[in-house]
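Colleague: Take a look at this one; I'll ask things after.
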Amino acid sequence: MTDLDRIREFVKSNLTLFDEGVSFGDDDNIFELGLVDSLFAVQLVLFIEGEFDIDILDSELNIDNFSSVSRIGEFVKMKKS
Amino acid sequence: MMDNKDSKCVVWDLDGTLWDGVLLEDDTVELRSGIKNIIQTLEQRGILQSIASKNDYDAAMRKIRDFELDEYFLCPEISWNAKSLSIAKIRANLNISMDSILFIDDEAYEHDEVRSVHPKILCIKACDYDTLLAHPRLNPRFITEDSIRRRRMYLEQQERKIAEEEFAGPRDEFLASLQMRLNIGEATENDLRRAEELTIRTHQLNTTGKTYDYDELSAFIKSPQHKLVVCELQDRYGYQGKIGLALVEIDRDCHHLKLLIISCRVMSLGVGTVLLSYVMNEAKQRGKKLRADFKHTGRNRPMYITFKMSNFKEVVASPGDDIVLENDLSFIPPYPPYLELSVHNRSRESSYDRLRPNQRICQE
């Protein structure tokens with residue numbers, strides 16, 4: 001499983017979608033597709049930190065870094081390098 | 001402050017603590033005198049109780065039922081495990097912090113074992129059991145409707161958990177099956193004790209960690225420059241109580257969110273951001289800017305994450321821990337489709353729109 005697969009897997013199984021059965025692409029904005037409430041947001045941040053062994057700084061906690069599966073992937077790649 | 005915080009749960013040992021003697025050696029053990037009254041009084045104060053005992057589960061539970069005490073204990077841990085592990089399980093099941101647990105046991109080595117793993121826990125010797133009711137950490141300043149119902153609410157929570165585990169469909173279908181109704185409205189005098197309690201008890205989803213007492217809160221509901229909002233939740237398992245609080249300061253061109261608190265108890269129900277969305281919508285509808293105070297307390301990172309993921313950006317970072325965030329309100333997280341939201345604004349007009357000097361808002 002690539003990093004991107006793991007991220008996609010996590011988002012798919014934890015995000016509450018607004019519409020059932022919408023197709024879900026890596027570039028789709030998850031904030032528009034589903035409900036990013038505190039539970040999901042906190043789970044997502046803790047997942048990324050734990051899964052990829054990185055610490056996310058306050059200044060990096062921005063919607064832009066987490067708005068889609070591919071953006072999260074880029075962010076993780078940047079943090080790991 | 002941390003060292004004197006109220007205990008939310010008393011964890012009882014059984015042999016030599018709750019009753020005299022050792023159950024597996026003598027089936028006719030008797031409760032220590034006054035124990036029943038202590039347990040019932042703690043219950044009325046809204047303090048949860050559990051058990052960490054090295055014992056045979058069935059025998060111990062049978063005895064507790066004989067004493068008619070079984071209903072008082074949540075998530076009892078009766079096994080041959082280390083008590084540090086039992087307490088860790090209780091803590092996780094109740095979703096409270098270790099330093100809000102008080103552990104009472106007659107064996108000094110059990111205190112040591114538990115403390116070696118959980119240094120923040122408060123241990124009390126069983127021989128001091130009759131001083132429990134006078135203990136400062138077991139005397140909350142107010143007993144609210146929510147505190148009296150607290151154990152019942154945890155039991156309903158467990159029913160919810162079991163239902164969720166058994167529910168095979170997607171998570172949002174499960175949430176929809178709870179038939180949640182969230183009611184948002186301006187606080188009245190009747191809400192203030194619970195509001196104060198929320199500022200004291202809630203740590204993870206708390207924007208500043210600042211506590212407000214009854215009088216301060218009372219001044220806010222009378223002030224035309226402030227709006228104090230509470231939200232309460234009900235679902236098919238019962239009344240979840242008042243679970244959220246927001247304090248908004250209203251300036252000419254800006255709504256300033258001074259405090260936002262959501263009870264951790266309801267975090268897993270996905271209602272955590274509804275109150276925040278409500279505050280954002282209120283500001284947007286009135287064409288105001290929205291700012292929010294935040295202060296890192298060491299425990300409220302979940303709230304910080306919530307703010308940032310709701311598109312708040314830091315505008316003022318002072319050298320201390322005080323942060324001011326601003327939201328351009330270009331994106332407001334929608335209300336979850338799986339809950340029914342109702343809004344009751346008694347004095348919406350007066351508190352928001354008619355800010356004439358000398359005007360007092362008429363409270364019920």
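Labels for the structure tokens follow display order: chains A, B, ..., residues from 1 in each chain, ligands from 1.
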May I have the residues within 9 Å of region 52-66 of chain A as a PyMOL selection string, using only C-alpha atoms and disregarding those fewer than 2 positions away in the same chain?
Modeller: (chain A and resi 3+29-31+44-45+47-50+68-76+79-80) or (chain B and resi 304-305+308-314)
Colleague: Find the spatial neighbours of Asp253 (chain B), counting only C-alpha atoms, within a cut-off of 12 Å - ignore same-chain residues fewer than 4 positions away - and output them as a PDB file with N, CA and C atoms, in the first residue's frame.
Modeller:
```pdb
ATOM      1  N   GLU B 249     -18.999  37.998  22.026  1.00  0.00           N
ATOM      2  CA  GLU B 249     -19.011  39.429  22.324  1.00  0.00           C
ATOM      3  C   GLU B 249     -19.353  40.152  21.030  1.00  0.00           C
ATOM      4  N   ALA B 283     -22.850  35.360  12.476  1.00  0.00           N
ATOM      5  CA  ALA B 283     -21.994  36.498  12.119  1.00  0.00           C
ATOM      6  C   ALA B 283     -22.176  36.850  10.641  1.00  0.00           C
ATOM      7  N   LYS B 284     -22.195  35.828   9.823  1.00  0.00           N
ATOM      8  CA  LYS B 284     -22.290  36.064   8.380  1.00  0.00           C
ATOM      9  C   LYS B 284     -23.610  36.746   8.021  1.00  0.00           C
ATOM     10  N   ARG B 286     -25.340  38.703   9.646  1.00  0.00           N
ATOM     11  CA  ARG B 286     -25.369  40.100  10.061  1.00  0.00           C
ATOM     12  C   ARG B 286     -24.250  40.917   9.448  1.00  0.00           C
ATOM     13  N   GLY B 287     -23.538  40.287   8.540  1.00  0.00           N
ATOM     14  CA  GLY B 287     -22.478  41.011   7.852  1.00  0.00           C
ATOM     15  C   GLY B 287     -21.325  41.407   8.767  1.00  0.00           C
ATOM     16  N   LYS B 288     -21.122  40.619   9.819  1.00  0.00           N
ATOM     17  CA  LYS B 288     -20.039  40.937  10.749  1.00  0.00           C
ATOM     18  C   LYS B 288     -18.832  40.048  10.477  1.00  0.00           C
ATOM     19  N   LYS B 289     -17.693  40.519  10.924  1.00  0.00           N
ATOM     20  CA  LYS B 289     -16.499  39.675  10.939  1.00  0.00           C
ATOM     21  C   LYS B 289     -16.632  38.695  12.093  1.00  0.00           C
ATOM     22  N   LEU B 290     -15.916  37.600  12.007  1.00  0.00           N
ATOM     23  CA  LEU B 290     -15.901  36.689  13.147  1.00  0.00           C
ATOM     24  C   LEU B 290     -14.472  36.458  13.619  1.00  0.00           C
ATOM     25  N   ARG B 291     -14.256  36.771  14.867  1.00  0.00           N
ATOM     26  CA  ARG B 291     -12.966  36.475  15.485  1.00  0.00           C
ATOM     27  C   ARG B 291     -13.177  35.524  16.647  1.00  0.00           C
ATOM     28  N   TYR B 352     -28.958  41.463  19.406  1.00  0.00           N
ATOM     29  CA  TYR B 352     -28.110  41.597  18.238  1.00  0.00           C
ATOM     30  C   TYR B 352     -28.281  42.927  17.516  1.00  0.00           C
ATOM     31  N   ASP B 353     -29.493  43.340  17.375  1.00  0.00           N
ATOM     32  CA  ASP B 353     -29.737  44.397  16.409  1.00  0.00           C
ATOM     33  C   ASP B 353     -30.009  45.761  17.022  1.00  0.00           C
TER      34      ASP B 353
END
```
Colleague: Do me a favour and pick out the residues of chain B within 9 Å of chain A, using only C-alpha atoms, as a PyMOL selection string.
Modeller: chain B and resi 170-172+205+267-274+301-314+333-337
Colleague: Write down as a PyMOL selection string the residues belonging to chain A that are assigned strand (DSSP E or B) by DSSP computed on the backbone.
Modeller: chain A and resi 16-17+34-35
Colleague: Please run DSSP on the backbone and report, as a ChimeraX atom specification, all residues within chain A that come out as helix (DSSP H, G or I).
Modeller: /A:3-14,30-33,38-51,58-60,63-66,69-80
Colleague: Please, could you write that set of residues out with N, CA and C atoms as a compact mmCIF listing (two decimals), in the first residue's frame?
Modeller:
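Writing the result to again_33.txt gives the following:
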```
# COMPACT_ATOMS: atom_id res chain seq x y z
N ASP A 3 1.51 5.40 0.42
CA ASP A 3 1.00 6.39 1.38
C ASP A 3 -0.37 6.89 0.95
N LEU A 4 -0.49 7.14 -0.35
CA LEU A 4 -1.75 7.69 -0.87
C LEU A 4 -2.91 6.71 -0.64
N ASP A 5 -2.61 5.42 -0.83
CA ASP A 5 -3.64 4.40 -0.59
C ASP A 5 -4.12 4.44 0.86
N ARG A 6 -3.14 4.56 1.75
CA ARG A 6 -3.49 4.55 3.17
C ARG A 6 -4.33 5.77 3.52
N ILE A 7 -3.98 6.91 2.95
CA ILE A 7 -4.75 8.13 3.21
C ILE A 7 -6.17 8.00 2.66
N ARG A 8 -6.24 7.50 1.40
CA ARG A 8 -7.56 7.35 0.76
C ARG A 8 -8.45 6.42 1.58
N GLU A 9 -7.84 5.30 2.00
CA GLU A 9 -8.55 4.32 2.81
C GLU A 9 -9.12 4.97 4.08
N PHE A 10 -8.28 5.74 4.73
CA PHE A 10 -8.71 6.38 5.98
C PHE A 10 -9.87 7.34 5.74
N VAL A 11 -9.69 8.19 4.74
CA VAL A 11 -10.73 9.21 4.47
C VAL A 11 -12.04 8.52 4.10
N LYS A 12 -11.94 7.51 3.24
CA LYS A 12 -13.15 6.80 2.81
C LYS A 12 -13.90 6.19 3.98
N SER A 13 -13.15 5.60 4.90
CA SER A 13 -13.87 4.89 5.97
C SER A 13 -14.29 5.81 7.11
N ASN A 14 -13.81 7.02 7.15
CA ASN A 14 -14.16 7.89 8.27
C ASN A 14 -14.98 9.13 7.92
N ILE A 30 -12.58 17.31 0.11
CA ILE A 30 -13.33 16.53 1.10
C ILE A 30 -14.22 17.42 1.96
N PHE A 31 -13.88 18.70 2.05
CA PHE A 31 -14.71 19.61 2.84
C PHE A 31 -16.04 19.89 2.13
N GLU A 32 -16.04 19.72 0.81
CA GLU A 32 -17.28 19.92 0.07
C GLU A 32 -18.09 18.63 -0.05
N LEU A 33 -17.36 17.50 -0.05
CA LEU A 33 -18.03 16.22 -0.23
C LEU A 33 -18.67 15.70 1.05
N SER A 38 -15.47 18.06 14.21
CA SER A 38 -14.27 17.94 15.06
C SER A 38 -13.79 16.50 15.15
N LEU A 39 -14.72 15.58 15.18
CA LEU A 39 -14.31 14.19 15.30
C LEU A 39 -13.44 13.79 14.11
N PHE A 40 -13.93 14.04 12.91
CA PHE A 40 -13.17 13.65 11.74
C PHE A 40 -11.84 14.41 11.67
N ALA A 41 -11.89 15.72 11.91
CA ALA A 41 -10.67 16.52 11.81
C ALA A 41 -9.59 16.02 12.77
N VAL A 42 -10.00 15.75 14.00
CA VAL A 42 -9.03 15.29 15.00
C VAL A 42 -8.53 13.90 14.64
N GLN A 43 -9.45 13.03 14.23
CA GLN A 43 -9.04 11.68 13.82
C GLN A 43 -8.05 11.73 12.66
N LEU A 44 -8.32 12.61 11.71
CA LEU A 44 -7.47 12.70 10.52
C LEU A 44 -6.06 13.15 10.91
N VAL A 45 -5.99 14.19 11.73
CA VAL A 45 -4.67 14.70 12.13
C VAL A 45 -3.91 13.64 12.93
N LEU A 46 -4.59 13.01 13.86
CA LEU A 46 -3.92 11.98 14.67
C LEU A 46 -3.51 10.79 13.80
N PHE A 47 -4.35 10.45 12.83
CA PHE A 47 -4.02 9.35 11.92
C PHE A 47 -2.74 9.67 11.14
N ILE A 48 -2.68 10.87 10.58
CA ILE A 48 -1.52 11.22 9.77
C ILE A 48 -0.25 11.23 10.63
N GLU A 49 -0.37 11.80 11.81
CA GLU A 49 0.80 11.87 12.70
C GLU A 49 1.27 10.47 13.11
N GLY A 50 0.33 9.61 13.41
CA GLY A 50 0.68 8.27 13.87
C GLY A 50 1.15 7.38 12.74
N GLU A 51 0.39 7.39 11.66
CA GLU A 51 0.65 6.50 10.54
C GLU A 51 2.00 6.80 9.88
N ASP A 58 1.29 23.75 14.38
CA ASP A 58 0.09 24.59 14.34
C ASP A 58 -0.02 25.32 13.01
N SER A 59 1.13 25.83 12.55
CA SER A 59 1.11 26.63 11.33
C SER A 59 0.79 25.79 10.09
N GLU A 60 0.92 24.48 10.22
CA GLU A 60 0.63 23.60 9.08
C GLU A 60 -0.81 23.09 9.09
N ILE A 63 -6.67 24.23 6.17
CA ILE A 63 -7.53 23.49 5.25
C ILE A 63 -6.79 23.12 3.97
N ASP A 64 -5.95 24.05 3.50
CA ASP A 64 -5.26 23.81 2.22
C ASP A 64 -4.45 22.52 2.22
N ASN A 65 -3.84 22.21 3.34
CA ASN A 65 -3.01 21.01 3.39
C ASN A 65 -3.83 19.72 3.45
N PHE A 66 -5.12 19.85 3.76
CA PHE A 66 -5.93 18.66 4.01
C PHE A 66 -7.17 18.59 3.14
N VAL A 69 -7.44 14.12 -0.86
CA VAL A 69 -6.52 13.00 -0.63
C VAL A 69 -5.14 13.33 -1.22
N SER A 70 -5.12 13.91 -2.42
CA SER A 70 -3.80 14.17 -3.00
C SER A 70 -3.07 15.31 -2.28
N ARG A 71 -3.82 16.31 -1.79
CA ARG A 71 -3.15 17.37 -1.03
C ARG A 71 -2.54 16.81 0.26
N ILE A 72 -3.28 15.95 0.92
CA ILE A 72 -2.74 15.34 2.13
C ILE A 72 -1.48 14.54 1.77
N GLY A 73 -1.57 13.82 0.64
CA GLY A 73 -0.41 13.04 0.19
C GLY A 73 0.82 13.92 -0.03
N GLU A 74 0.61 15.06 -0.68
CA GLU A 74 1.73 15.98 -0.92
C GLU A 74 2.29 16.50 0.40
N PHE A 75 1.39 16.80 1.29
CA PHE A 75 1.82 17.33 2.59
C PHE A 75 2.67 16.28 3.34
N VAL A 76 2.19 15.04 3.32
CA VAL A 76 2.92 13.97 4.01
C VAL A 76 4.30 13.79 3.38
N LYS A 77 4.32 13.83 2.05
CA LYS A 77 5.59 13.65 1.33
C LYS A 77 6.57 14.78 1.73
N MET A 78 6.05 15.99 1.78
CA MET A 78 6.88 17.15 2.15
C MET A 78 7.41 16.96 3.58
N LYS A 79 6.54 16.51 4.48
CA LYS A 79 6.96 16.35 5.87
C LYS A 79 7.99 15.25 6.04
N LYS A 80 7.88 14.21 5.23
CA LYS A 80 8.78 13.07 5.40
C LYS A 80 10.14 13.31 4.77
```
Colleague: I'd like the interatomic distance between CA of Glu197 (chain B) and CA of Glu232 (chain B), to a tenth of an Å.
Modeller: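 These two atoms are separated by 14.2 Å.
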Colleague: Hey, can you check how far CA of Leu329 (chain B) sits from CA of Met280 (chain B)?
Modeller: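 Atom-to-atom, CA of Leu329 (chain B) and CA of Met280 (chain B) are spaced 6.7 Å apart.
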Colleague: Do you know which residues are at most 9 Å from Leu275 (chain B) counting only C-alpha atoms, after dropping those on the same chain fewer than 4 positions away, and could you put them as a ChimeraX atom specification?
Modeller: /B:184,229-231,244-246,260,262,271,279-280
Colleague: To one decimal place, how far is CA of His256 (chain B) from CA of Asp322 (chain B) in Å?
Modeller: 14.2 Å
Colleague: Would you kindly return, as a CSV table (one decimal) with N, CA and C atoms, in the first residue's frame, each protein, DNA or RNA residue with an atom no farther than 6 Å from any atom of region 96-111 of chain B, considering only C-alpha atoms and excluding same-chain residues fewer than 5 positions away?
Modeller:
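Okay, result_35.csv is ready:
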```csv
chain,number,residue,atom,x,y,z
B,7,SER,N,-13.1,15.7,41.3
B,7,SER,CA,-13.0,14.3,40.8
B,7,SER,C,-14.3,13.9,40.2
B,8,LYS,N,-14.2,13.3,39.0
B,8,LYS,CA,-15.4,12.9,38.3
B,8,LYS,C,-15.8,11.5,38.6
B,9,CYS,N,-14.9,10.7,39.1
B,9,CYS,CA,-15.2,9.3,39.3
B,9,CYS,C,-14.4,8.7,40.5
B,10,VAL,N,-15.2,8.0,41.3
B,10,VAL,CA,-14.5,7.3,42.4
B,10,VAL,C,-14.4,5.8,42.1
B,11,VAL,N,-13.2,5.2,42.1
B,11,VAL,CA,-13.1,3.8,41.8
B,11,VAL,C,-12.8,3.1,43.1
B,12,TRP,N,-13.7,2.2,43.4
B,12,TRP,CA,-13.7,1.4,44.6
B,12,TRP,C,-13.0,0.1,44.5
B,13,ASP,N,-12.2,-0.3,45.5
B,13,ASP,CA,-11.8,-1.6,45.7
B,13,ASP,C,-12.9,-2.3,46.4
B,16,GLY,N,-12.1,-5.6,51.9
B,16,GLY,CA,-11.3,-4.7,52.8
B,16,GLY,C,-11.6,-3.2,52.6
B,17,THR,N,-12.4,-2.9,51.6
B,17,THR,CA,-12.6,-1.5,51.3
B,17,THR,C,-14.1,-1.2,51.4
B,91,ARG,N,-11.1,4.4,32.8
B,91,ARG,CA,-10.8,5.8,32.2
B,91,ARG,C,-11.3,5.9,30.8
B,120,LYS,N,-0.9,10.7,38.2
B,120,LYS,CA,-1.8,11.8,38.5
B,120,LYS,C,-3.0,11.4,39.2
B,121,ILE,N,-3.2,10.1,39.5
B,121,ILE,CA,-4.4,9.7,40.1
B,121,ILE,C,-4.3,10.0,41.6
B,122,LEU,N,-5.5,10.2,42.2
B,122,LEU,CA,-5.6,10.5,43.6
B,122,LEU,C,-5.9,9.2,44.3
B,123,CYS,N,-5.1,8.7,45.3
B,123,CYS,CA,-5.3,7.5,46.0
B,123,CYS,C,-5.7,7.8,47.4
B,124,ILE,N,-6.8,7.1,47.9
B,124,ILE,CA,-7.2,7.3,49.3
B,124,ILE,C,-7.2,6.0,50.0
B,125,LYS,N,-6.7,6.0,51.2
B,125,LYS,CA,-6.7,4.7,52.0
B,125,LYS,C,-8.1,4.3,52.4
B,126,ALA,N,-8.4,3.0,52.4
B,126,ALA,CA,-9.7,2.6,52.7
B,126,ALA,C,-10.1,3.0,54.1
```
Colleague: Kindly indicate which residue among B:Gln44, B:Thr211, B:Ile250, B:Glu71 lies nearest to Lys227 (chain B), using only C-alpha atoms for the distances.
Modeller: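 Answer, going by the shortest atom-to-atom distance: B:Ile250.
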Colleague: Excluding Met180 (chain B) and any residue of its chain fewer than 2 positions from it, enumerate the residues within 9 Å of it, using only C-alpha atoms, and give them as an MDAnalysis selection string.
Modeller: chainID B and resid 175:178 182 233:236 338:341
Colleague: Could you take the residues named above and write them with N, CA and C atoms, as a PDB file, in the first residue's frame?
Modeller:
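Written file, result.pdb:
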```pdb
ATOM      1  N   LEU B 175     -25.640   7.159  12.737  1.00  0.00           N
ATOM      2  CA  LEU B 175     -25.909   8.446  13.385  1.00  0.00           C
ATOM      3  C   LEU B 175     -27.351   8.877  13.134  1.00  0.00           C
ATOM      4  N   ALA B 176     -27.827   8.616  11.918  1.00  0.00           N
ATOM      5  CA  ALA B 176     -29.214   8.963  11.612  1.00  0.00           C
ATOM      6  C   ALA B 176     -30.169   8.138  12.471  1.00  0.00           C
ATOM      7  N   SER B 177     -29.792   6.885  12.741  1.00  0.00           N
ATOM      8  CA  SER B 177     -30.675   6.014  13.519  1.00  0.00           C
ATOM      9  C   SER B 177     -30.819   6.501  14.970  1.00  0.00           C
ATOM     10  N   LEU B 178     -29.892   7.346  15.417  1.00  0.00           N
ATOM     11  CA  LEU B 178     -29.990   7.872  16.788  1.00  0.00           C
ATOM     12  C   LEU B 178     -31.087   8.928  16.925  1.00  0.00           C
ATOM     13  N   LEU B 182     -30.889  18.537  18.229  1.00  0.00           N
ATOM     14  CA  LEU B 182     -30.018  19.497  18.887  1.00  0.00           C
ATOM     15  C   LEU B 182     -30.762  20.814  18.974  1.00  0.00           C
ATOM     16  N   LEU B 233     -28.812  18.315  23.731  1.00  0.00           N
ATOM     17  CA  LEU B 233     -28.955  17.225  22.786  1.00  0.00           C
ATOM     18  C   LEU B 233     -29.848  16.143  23.367  1.00  0.00           C
ATOM     19  N   GLN B 234     -30.654  15.606  22.499  1.00  0.00           N
ATOM     20  CA  GLN B 234     -31.570  14.527  22.873  1.00  0.00           C
ATOM     21  C   GLN B 234     -31.504  13.503  21.763  1.00  0.00           C
ATOM     22  N   ASP B 235     -31.551  12.232  22.101  1.00  0.00           N
ATOM     23  CA  ASP B 235     -31.661  11.245  21.038  1.00  0.00           C
ATOM     24  C   ASP B 235     -32.555  10.113  21.508  1.00  0.00           C
ATOM     25  N   ARG B 236     -32.631   9.063  20.722  1.00  0.00           N
ATOM     26  CA  ARG B 236     -33.635   8.058  21.079  1.00  0.00           C
ATOM     27  C   ARG B 236     -33.267   7.275  22.339  1.00  0.00           C
ATOM     28  N   TYR B 338     -27.860  14.279   9.474  1.00  0.00           N
ATOM     29  CA  TYR B 338     -28.460  13.227  10.286  1.00  0.00           C
ATOM     30  C   TYR B 338     -29.010  13.730  11.607  1.00  0.00           C
ATOM     31  N   LEU B 339     -29.019  15.043  11.817  1.00  0.00           N
ATOM     32  CA  LEU B 339     -29.650  15.499  13.054  1.00  0.00           C
ATOM     33  C   LEU B 339     -30.634  16.628  12.778  1.00  0.00           C
ATOM     34  N   GLU B 340     -31.557  16.770  13.694  1.00  0.00           N
ATOM     35  CA  GLU B 340     -32.580  17.795  13.565  1.00  0.00           C
ATOM     36  C   GLU B 340     -32.174  18.957  14.460  1.00  0.00           C
ATOM     37  N   LEU B 341     -32.094  20.134  13.881  1.00  0.00           N
ATOM     38  CA  LEU B 341     -31.610  21.287  14.632  1.00  0.00           C
ATOM     39  C   LEU B 341     -32.748  22.271  14.846  1.00  0.00           C
TER      40      LEU B 341
END
```
Colleague: Got a sec: who's within 10 Å of Tyr154 (chain B), counting only C-alpha atoms, leaving out chain neighbours fewer than 2 positions off, as a PyMOL selection string?
Modeller: chain B and resi 48+74-75+93-94+149-152+156-160+240+265
Colleague: Save the residues we just selected, C-alpha atoms, as a PDB file, in the first residue's frame?
Modeller:
```pdb
ATOM      1  CA  LEU B  48     -19.537   8.524  38.814  1.00  0.00           C
ATOM      2  CA  LEU B  74     -20.292   1.908  35.766  1.00  0.00           C
ATOM      3  CA  CYS B  75     -17.889  -0.321  33.837  1.00  0.00           C
ATOM      4  CA  ASN B  93     -14.710   3.653  28.898  1.00  0.00           C
ATOM      5  CA  LEU B  94     -15.841   6.809  30.660  1.00  0.00           C
ATOM      6  CA  ARG B 149     -28.490  12.486  35.550  1.00  0.00           C
ATOM      7  CA  ARG B 150     -24.836  11.854  34.778  1.00  0.00           C
ATOM      8  CA  ARG B 151     -24.693   8.127  35.504  1.00  0.00           C
ATOM      9  CA  ARG B 152     -27.907   7.538  33.603  1.00  0.00           C
ATOM     10  CA  GLU B 156     -27.369   5.488  27.709  1.00  0.00           C
ATOM     11  CA  GLN B 157     -23.987   6.180  26.167  1.00  0.00           C
ATOM     12  CA  GLN B 158     -23.066   2.528  26.584  1.00  0.00           C
ATOM     13  CA  GLU B 159     -26.313   1.461  24.926  1.00  0.00           C
ATOM     14  CA  ARG B 160     -25.401   3.753  22.059  1.00  0.00           C
ATOM     15  CA  GLN B 240     -27.934  13.990  26.702  1.00  0.00           C
ATOM     16  CA  ARG B 265     -19.061  13.001  25.783  1.00  0.00           C
TER      17      ARG B 265
END
```
Colleague: From the list B:Val324, B:Ile243, B:Leu192, B:Met153, which residue is nearest Thr207 (chain B) when using only C-alpha atoms?
Modeller: B:Val324
